[in-house]
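J.: Just one file: structure-v9.csv, with CSV, C-alpha atoms.
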```csv
chain,number,residue,atom,x,y,z
A,1,MET,CA,72.5,-155.7,20.7
A,2,ASN,CA,75.3,-158.2,20.8
A,3,ASP,CA,74.3,-161.3,22.9
A,4,THR,CA,75.6,-164.8,22.7
A,5,ARG,CA,72.7,-165.8,20.4
A,6,GLU,CA,73.7,-163.4,17.6
A,7,PHE,CA,75.9,-164.8,14.9
A,8,SER,CA,78.4,-162.3,13.3
A,9,LEU,CA,80.2,-162.5,10.0
A,10,PRO,CA,83.1,-160.0,9.2
A,11,LEU,CA,83.0,-158.4,5.8
A,12,ARG,CA,84.9,-155.8,3.8
A,13,VAL,CA,83.4,-153.5,1.2
A,14,TYR,CA,85.0,-154.0,-2.2
A,15,ILE,CA,84.7,-151.8,-5.3
A,16,GLU,CA,82.2,-154.2,-6.8
A,17,ASP,CA,79.9,-153.5,-3.9
A,18,THR,CA,79.8,-149.7,-4.5
A,19,ASP,CA,78.3,-147.2,-6.9
A,20,ALA,CA,80.3,-144.5,-8.7
A,21,GLY,CA,80.5,-142.5,-5.5
A,22,GLY,CA,82.1,-145.3,-3.5
A,23,ILE,CA,78.9,-145.9,-1.4
A,24,VAL,CA,77.6,-149.5,-1.0
A,25,TYR,CA,74.7,-150.0,-3.4
A,26,TYR,CA,71.6,-150.7,-1.4
A,27,VAL,CA,70.8,-154.2,-2.8
A,28,ASN,CA,74.3,-155.4,-1.6
A,29,TYR,CA,73.1,-155.3,2.0
A,30,LEU,CA,70.7,-158.1,1.1
A,31,LYS,CA,73.7,-160.1,-0.1
A,32,TYR,CA,75.6,-159.4,3.2
A,33,ILE,CA,72.7,-160.5,5.4
A,34,GLU,CA,72.2,-163.6,3.1
A,35,ARG,CA,75.8,-164.6,3.7
A,36,ALA,CA,75.5,-164.1,7.5
A,37,ARG,CA,72.2,-166.1,7.5
A,38,THR,CA,73.9,-169.0,5.5
A,39,GLU,CA,76.9,-169.1,7.8
A,40,PHE,CA,74.6,-168.9,10.9
A,41,MET,CA,72.6,-171.9,9.7
A,42,ARG,CA,75.9,-173.7,8.9
A,43,SER,CA,77.1,-173.0,12.5
A,44,LEU,CA,73.9,-174.9,13.7
A,45,ASP,CA,75.0,-177.9,11.5
A,46,MET,CA,72.3,-176.9,9.0
A,47,ASP,CA,74.4,-176.6,5.8
A,48,ARG,CA,73.1,-177.3,2.3
A,49,ALA,CA,73.6,-181.0,2.6
A,50,ALA,CA,71.8,-181.3,5.9
A,51,ILE,CA,68.8,-179.3,4.6
A,52,PHE,CA,68.5,-181.3,1.3
A,53,ASN,CA,69.0,-184.6,3.2
A,54,ASN,CA,65.9,-183.7,5.1
A,55,GLU,CA,64.1,-182.9,1.8
A,56,LEU,CA,63.4,-179.3,2.6
A,57,MET,CA,64.5,-175.8,1.7
A,58,PHE,CA,64.2,-172.5,3.5
A,59,VAL,CA,63.0,-169.6,1.2
A,60,VAL,CA,62.7,-166.0,2.1
A,61,SER,CA,59.0,-165.2,2.3
A,62,ASP,CA,59.3,-161.6,3.6
A,63,VAL,CA,62.1,-159.1,4.1
A,64,SER,CA,62.1,-155.5,5.4
A,65,VAL,CA,65.2,-153.4,5.5
A,66,SER,CA,65.9,-150.1,7.1
A,67,TYR,CA,69.0,-148.2,6.1
A,68,HIS,CA,70.6,-145.9,8.7
A,69,ARG,CA,74.0,-144.9,7.4
A,70,PRO,CA,76.0,-145.5,4.3
A,71,ALA,CA,78.9,-147.9,4.1
A,72,LYS,CA,81.8,-147.0,1.9
A,73,LEU,CA,84.6,-148.6,-0.1
A,74,ASP,CA,87.1,-150.5,2.1
A,75,ASP,CA,84.9,-150.3,5.3
A,76,GLU,CA,85.2,-153.3,7.6
A,77,LEU,CA,81.6,-154.4,8.4
A,78,GLU,CA,79.9,-157.2,10.3
A,79,ALA,CA,76.7,-158.8,9.2
A,80,THR,CA,74.7,-160.5,12.0
A,81,ALA,CA,71.9,-163.0,12.2
A,82,ALA,CA,69.8,-163.9,15.3
A,83,LEU,CA,66.6,-166.0,15.4
A,84,ALA,CA,63.7,-163.9,16.7
A,85,SER,CA,61.1,-166.7,16.5
A,86,VAL,CA,60.6,-170.3,15.3
A,87,GLY,CA,57.4,-171.8,14.1
A,88,GLY,CA,56.5,-175.2,13.0
A,89,ALA,CA,57.3,-174.3,9.3
A,90,SER,CA,58.8,-170.9,9.5
A,91,LEU,CA,61.6,-168.7,11.0
A,92,LYS,CA,61.9,-165.0,11.7
A,93,LEU,CA,65.4,-163.4,12.0
A,94,ARG,CA,66.7,-160.1,13.1
A,95,GLN,CA,69.7,-159.1,11.0
A,96,CYS,CA,72.0,-156.1,11.0
A,97,VAL,CA,75.0,-154.7,9.2
A,98,ARG,CA,77.3,-152.7,11.4
A,99,ARG,CA,80.6,-150.8,11.1
A,100,GLY,CA,82.0,-150.9,14.6
A,101,ALA,CA,79.3,-149.5,16.9
A,102,ASP,CA,77.4,-147.8,14.0
A,103,LEU,CA,74.3,-149.5,12.8
A,104,ILE,CA,74.3,-149.3,9.0
A,105,ALA,CA,71.3,-151.4,8.1
A,106,GLU,CA,68.8,-153.7,9.9
A,107,ALA,CA,66.4,-156.2,8.5
A,108,ALA,CA,63.6,-158.4,9.6
A,109,VAL,CA,63.6,-161.6,7.5
A,110,SER,CA,61.0,-164.3,7.4
A,111,LEU,CA,61.8,-167.8,6.0
A,112,ALA,CA,59.4,-170.5,5.1
A,113,CYS,CA,60.2,-174.2,5.1
A,114,VAL,CA,59.1,-175.8,1.8
A,115,SER,CA,59.5,-179.0,-0.1
A,116,PRO,CA,62.1,-178.6,-2.8
A,117,GLU,CA,60.0,-180.6,-5.3
A,118,THR,CA,56.6,-178.9,-4.9
A,119,LEU,CA,57.6,-175.7,-3.1
A,120,ALA,CA,54.7,-176.3,-0.8
A,121,PRO,CA,55.1,-175.5,2.9
A,122,ARG,CA,56.2,-178.3,5.1
A,123,ARG,CA,57.0,-178.7,8.8
A,124,ILE,CA,60.5,-178.4,10.0
A,125,PRO,CA,61.8,-181.9,11.2
A,126,LYS,CA,61.7,-182.3,15.0
A,127,GLU,CA,65.5,-182.5,15.5
A,128,MET,CA,66.1,-179.4,13.4
A,129,LEU,CA,63.2,-177.6,15.1
A,130,ALA,CA,64.7,-178.4,18.5
A,131,THR,CA,68.1,-177.0,17.4
A,132,LEU,CA,66.5,-173.8,16.0
A,133,ARG,CA,64.4,-173.2,19.1
A,134,ALA,CA,67.5,-173.7,21.3
A,135,ALA,CA,69.2,-171.0,19.3
A,136,CYS,CA,66.4,-168.6,19.5
A,137,ASP,CA,67.2,-165.2,21.2
A,138,PRO,CA,65.9,-165.5,24.8
A,139,HIS,CA,65.7,-161.7,25.1
A,140,ASN,CA,63.1,-161.4,22.3
A,141,PRO,CA,59.6,-160.8,23.6
A,142,HIS,CA,58.2,-162.9,20.6
A,143,ASN,CA,60.4,-165.9,21.5
A,144,PRO,CA,58.0,-168.9,21.4
A,145,LEU,CA,60.0,-170.6,24.2
A,146,GLY,CA,59.2,-167.8,26.7
A,147,GLU,CA,62.7,-167.9,28.1
```
As structure tokens, what does this structure read like?
T.:
Amino acid sequence: MNDTREFSLPLRVYIEDTDAGGIVYYVNYLKYIERARTEFMRSLDMDRAAIFNNELMFVVSDVSVSYHRPAKLDDELEATAALASVGGASLKLRQCVRRGADLIAEAAVSLACVSPETLAPRRIPKEMLATLRAACDPHNPHNPLGE
């Protein structure tokens, strides 16, 4: 699914990403989706400085990955990120890695908002929460906005 709420980051598979057979090593998909998620947040003006200025951090609290096809050395890929739901102190994202129309891997990622000092959960600031909710995928049945 490619709607306007899905962020996409182009990637290329380098030799450092692969095993001896030229296939992307499974853990590297987590790196790909992390990069897409970081750039997605940056596109919402939530880069590292903005997050730390609000005295918070987002940490991965859960991730589930399904692998569908292998990616290989020199493949051109895209890693995507789309918000599935936004809570007062948490986010859920749908993330994919694709090669053209082929779905390579998909992930469900949950993030928790925490204090950087104590790592205790904390609420997302109101302005940031409004931005995140506005960016939430309106086609997702779990969208808290019900759009």
J.: Skip stretch 106-112 of chain A itself and residues of its chain fewer than 6 positions away, then list as a list of chain:residue names all residues within 8 Å of it, counting all atoms listed in the file.
T.: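 These residues fall inside the cut-off: A:Phe58, A:Val59, A:Val60, A:Ser61, A:Asp62, A:Val63, A:Ser64, A:Val65, A:Ser66, A:Tyr67, A:Ala89, A:Ser90, A:Leu91, A:Lys92, A:Leu93, A:Arg94, A:Gln95, A:Cys96, A:Val97, A:Pro121.
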J.: Determine the nearest neighbour of A:Leu132 from the options A:Asp19, A:Glu34, A:Asp75, A:Asp45, counting only C-alpha atoms.
T.: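 Among the listed residues, A:Asp45 lies closest to A:Leu132.
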J.: Pick out the closest residue to A:Arg133 from this set: A:Leu103, A:Cys113, A:Ala79, A:Ala84. Count all atoms listed in the file.
T.: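 For A:Arg133, the nearest of the candidates is A:Ala84.
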J.: Work out how far atom CA of A:Leu56 is from atom CA of A:Leu30, in Å to one decimal.
T.: 22.5 Å
J.: Name the closest residue to A:Tyr25 among the candidates A:Ala134, A:Leu73, A:Leu9, A:Leu129; distances are taken between atoms, counting all atoms listed in the file.
T.: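 That would be A:Leu73, the residue with the smallest distance to A:Tyr25.
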J.: Quick one: of A:Met46, A:Ala105, A:Cys136, A:Ile51, who's nearest to A:Tyr29, counting only C-alpha atoms?
T.: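 Among the listed residues, the smallest separation from A:Tyr29 belongs to A:Ala105.
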J.: Tell me which protein, DNA and RNA residues are within 12 Å of A:Glu39, counting only C-alpha atoms, leaving out same-chain ones fewer than 5 positions away, and put them as a ChimeraX atom specification.
T.: /A:6-10,32-34,44-48,79-82
J.: Rounded to one decimal in Å, what is the spacing between atom CA of A:Ser115 and atom CA of A:Met128?
T.: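 Separation between atom CA of A:Ser115 and atom CA of A:Met128: 15.0 Å.
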J.: Atom CA of A:Tyr14 and atom CA of A:Asp74 are how many Å apart?
T.: 5.9 Å
J.: Here's a test: counting only C-alpha atoms, identify every protein, DNA and RNA residue with an atom at most 9 Å from (80.1, -156.2, 1.1) in the file's coordinate frame, and state them as a list in words.
T.: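 Neighbouring residues, ordered by chain and number, come to Leu11, Arg12, Val13, Tyr14, Glu16, Asp17, Thr18, Val24, Asn28, Tyr29, Lys31, Tyr32, Ala71, Leu73, Asp75, Glu76 and Leu77 of chain A.
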J.: Name the closest residue to A:Phe40 among the candidates A:Leu83, A:Ala101, A:Leu119, A:Ile15; distances are taken between atoms, counting all atoms listed in the file.
T.: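 Using all atoms listed in the file, the shortest distance to A:Phe40 belongs to A:Leu83.
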J.: Would you compute an axis-aligned box for stretch 66-74 of chain A, covering every atom listed for it in the file with 4 Å of margin on each side, and report centre and edge lengths in Å to one decimal as JSON?
T.:
```
{"center_x": 76.5, "center_y": -147.7, "center_z": 4.3, "size_x": 29.2, "size_y": 13.6, "size_z": 16.8}
```
J.: Determine the nearest neighbour of A:Ser43 from the options A:Arg5, A:Glu55, A:Gly21, A:Asp102, counting all atoms listed in the file.
T.: A:Arg5
